[in-house]
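This is start30.tsv. It holds TSV, C-alpha atoms.
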```tsv
chain	number	residue	atom	x	y	z
A	1	MET	CA	128.86	8.94	-13.86
A	2	SER	CA	129.32	12.68	-13.52
A	3	THR	CA	130.96	14.15	-10.48
A	4	LEU	CA	128.94	16.19	-8.01
A	5	ARG	CA	131.25	19.20	-8.18
A	6	ASN	CA	130.35	21.63	-10.93
A	7	ALA	CA	127.51	19.35	-11.98
A	8	GLU	CA	124.40	20.67	-13.64
A	9	PRO	CA	121.58	21.41	-11.20
A	10	VAL	CA	118.99	18.73	-10.56
A	11	PHE	CA	115.50	19.73	-11.63
A	12	HIS	CA	112.64	18.43	-9.48
A	13	LYS	CA	109.48	18.44	-11.63
A	14	GLN	CA	106.90	18.26	-8.84
A	15	ALA	CA	108.45	21.17	-6.91
A	16	GLN	CA	109.41	23.04	-10.10
A	17	LEU	CA	112.79	23.64	-8.49
A	18	SER	CA	116.36	23.63	-9.75
A	19	ILE	CA	118.67	22.25	-7.04
A	20	THR	CA	122.43	22.66	-6.97
A	21	ILE	CA	124.75	20.36	-5.08
A	22	THR	CA	127.56	22.27	-3.40
A	23	GLY	CA	130.63	21.28	-1.43
A	24	GLY	CA	129.17	22.96	1.66
A	25	GLY	CA	125.90	21.07	1.24
A	26	ILE	CA	127.73	17.77	0.90
A	27	GLU	CA	129.75	18.53	4.02
A	28	GLU	CA	126.60	19.34	6.03
A	29	TYR	CA	124.84	16.22	4.68
A	30	LEU	CA	127.78	13.98	5.68
A	31	ASN	CA	127.87	15.48	9.19
A	32	GLN	CA	124.23	14.64	9.92
A	33	PRO	CA	123.53	11.76	12.29
A	34	HIS	CA	121.24	9.12	10.82
A	35	LYS	CA	119.92	5.71	11.84
A	36	HIS	CA	121.41	4.28	8.63
A	37	TYR	CA	124.61	6.30	8.69
A	38	PHE	CA	126.65	4.24	6.21
A	39	GLU	CA	123.78	3.93	3.71
A	40	LYS	CA	123.03	7.66	4.03
A	41	ASN	CA	126.59	8.45	3.01
A	42	GLU	CA	126.46	5.92	0.17
A	43	MET	CA	123.28	7.62	-1.09
A	44	LEU	CA	125.42	10.60	-2.12
A	45	LEU	CA	126.76	8.50	-4.99
A	46	ARG	CA	123.27	8.56	-6.55
A	47	ILE	CA	121.93	11.77	-5.00
A	48	ARG	CA	120.95	13.27	-8.37
A	49	SER	CA	118.50	10.45	-9.14
A	50	VAL	CA	117.34	10.29	-5.51
A	51	LEU	CA	116.45	14.00	-5.59
A	52	GLU	CA	114.71	13.70	-8.97
A	53	GLN	CA	112.53	10.83	-7.72
A	54	ALA	CA	111.88	12.05	-4.15
A	55	THR	CA	108.36	13.14	-3.18
A	56	TYR	CA	108.01	16.87	-2.60
A	57	MET	CA	106.45	17.39	0.84
A	58	GLY	CA	106.32	21.20	1.02
A	59	ILE	CA	108.15	24.24	2.34
A	60	SER	CA	109.30	24.98	5.87
A	61	TYR	CA	110.28	28.41	7.20
A	62	LEU	CA	112.18	27.48	10.36
A	63	ARG	CA	114.73	29.90	11.82
A	64	GLY	CA	114.25	32.34	8.95
A	65	LYS	CA	115.31	29.80	6.33
A	66	LYS	CA	113.16	28.72	3.41
A	67	SER	CA	113.59	24.97	3.11
A	68	PHE	CA	112.05	22.55	0.66
A	69	VAL	CA	111.50	19.07	2.12
A	70	PHE	CA	111.59	15.91	0.02
A	71	GLU	CA	110.75	12.38	1.16
A	72	THR	CA	112.56	9.26	0.02
A	73	GLU	CA	113.33	5.83	1.45
A	74	LEU	CA	116.54	4.44	2.82
A	75	CYS	CA	116.77	0.82	4.00
A	76	GLY	CA	112.97	0.57	3.67
A	77	GLU	CA	112.34	3.54	5.99
A	78	LYS	CA	111.30	7.11	5.25
A	79	THR	CA	113.99	9.74	5.28
A	80	TRP	CA	113.88	13.41	4.32
A	81	LEU	CA	116.17	15.58	2.21
A	82	ILE	CA	116.29	19.29	3.00
A	83	VAL	CA	117.03	21.83	0.29
A	84	ASN	CA	117.61	25.41	1.43
A	85	GLU	CA	116.92	28.44	-0.71
A	86	VAL	CA	119.17	31.45	-0.27
A	87	LYS	CA	118.05	34.70	-1.84
A	88	GLY	CA	120.23	35.48	-4.82
A	89	ARG	CA	121.88	32.05	-4.85
A	90	GLY	CA	118.97	29.70	-5.47
A	91	ALA	CA	118.24	26.31	-3.92
A	92	SER	CA	120.86	23.77	-2.88
A	93	LEU	CA	120.97	20.44	-1.09
A	94	TYR	CA	121.55	21.12	2.59
A	95	SER	CA	120.81	18.15	4.79
A	96	ILE	CA	119.15	14.80	5.46
A	97	SER	CA	117.10	13.64	8.43
A	98	ASP	CA	115.57	10.40	9.64
A	99	SER	CA	113.29	12.31	12.06
A	100	ASP	CA	109.74	13.09	10.97
A	101	LYS	CA	109.98	16.29	13.05
A	102	VAL	CA	111.10	18.01	9.83
A	103	LEU	CA	107.47	17.69	8.69
A	104	THR	CA	105.91	19.62	11.59
A	105	GLU	CA	106.24	23.14	10.16
A	106	ILE	CA	105.67	22.33	6.50
A	107	LYS	CA	103.33	24.33	4.32
A	108	LYS	CA	101.85	21.78	1.92
A	109	PRO	CA	102.23	22.38	-1.82
A	110	ILE	CA	99.19	23.72	-3.64
```
Would you encode the structure as structure tokens?
Amino acid sequence: MSTLRNAEPVFHKQAQLSITITGGGIEEYLNQPHKHYFEKNEMLLRIRSVLEQATYMGISYLRGKKSFVFETELCGEKTWLIVNEVKGRGASLYSISDSDKVLTEIKKPI
């Protein structure tokens, strides 16, 4: 198994997006509250395959950030991965949420 640091980006086919996994993104992800807190943290061990297989839900532009939202399941329940895009730096894993409120401002993919 490859380490997350300095790993090749994950390419999500449906979103046509290359996603990097950074130390800052991992830190933010780990700090997020979640109904299945332990399992959420364990998911990081397989985050590359989780991201590749997650369903692309669309783009959100909250608080001036461009975020791509992906849906997956954890413990049989929907959960969402948030990937932020920063101009000049590309897209990177940013967060996870068990609240469907992340879907309210999404622009659906074409």
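Distances here use all atoms listed in the file; by that measure, the residue among A:Thr20, A:Gln32, A:Thr79, A:Asn84 closest to A:Leu103 is A:Thr79.
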Find the residues around stretch 55-70 of chain A up to 9 Å (only C-alpha atoms counted), leave out those fewer than 4 positions away in its own chain, and share them as a ChimeraX atom specification.
-> /A:12,14-15,51,79-86,91,94,102-110
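Put simply, atom CA of A:Ile26 is 19.7 Å away from atom CA of A:Lys87.
Across the structure, atom CA of A:Gly25 and atom CA of A:Ser95 are spaced 6.9 Å apart.
Closest to A:Ser49 among A:Ser99, A:Val10, A:Ser18, A:Gly88 is A:Val10, based on all atoms listed in the file.
Take atom CA of A:Lys40 and atom CA of A:Gly90: the distance between them is 24.3 Å.
If only C-alpha atoms are the atoms counted, then among A:Gly23, A:Lys101, A:Ile96, A:Arg89 the closest residue to A:Val50 is A:Ile96.
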Neighbours of A:His34 within 8 Å (all atoms listed in the file; same-chain residues fewer than 3 positions away dropped), as a PyMOL selection string?
-> chain A and resi 37+40+97-98
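Minimum atom-to-atom distance to A:Leu30, evaluated using only C-alpha atoms, belongs to A:Leu93 out of A:Leu93, A:Glu8, A:Lys78, A:Glu71.
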Emit as JSON the padded axis-aligned box for all listed atoms of stretch 17-24 of chain A, 6 Å per side, with centre and edge lengths in Å to one decimal.
```
{"center_x": 121.7, "center_y": 22.0, "center_z": -4.0, "size_x": 29.8, "size_y": 15.3, "size_z": 23.4}
```
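With only C-alpha atoms as the basis for measurement, A:Arg48 is the residue among A:Arg48, A:Glu28, A:Glu73, A:Glu39 that approaches A:Ala7 most closely.
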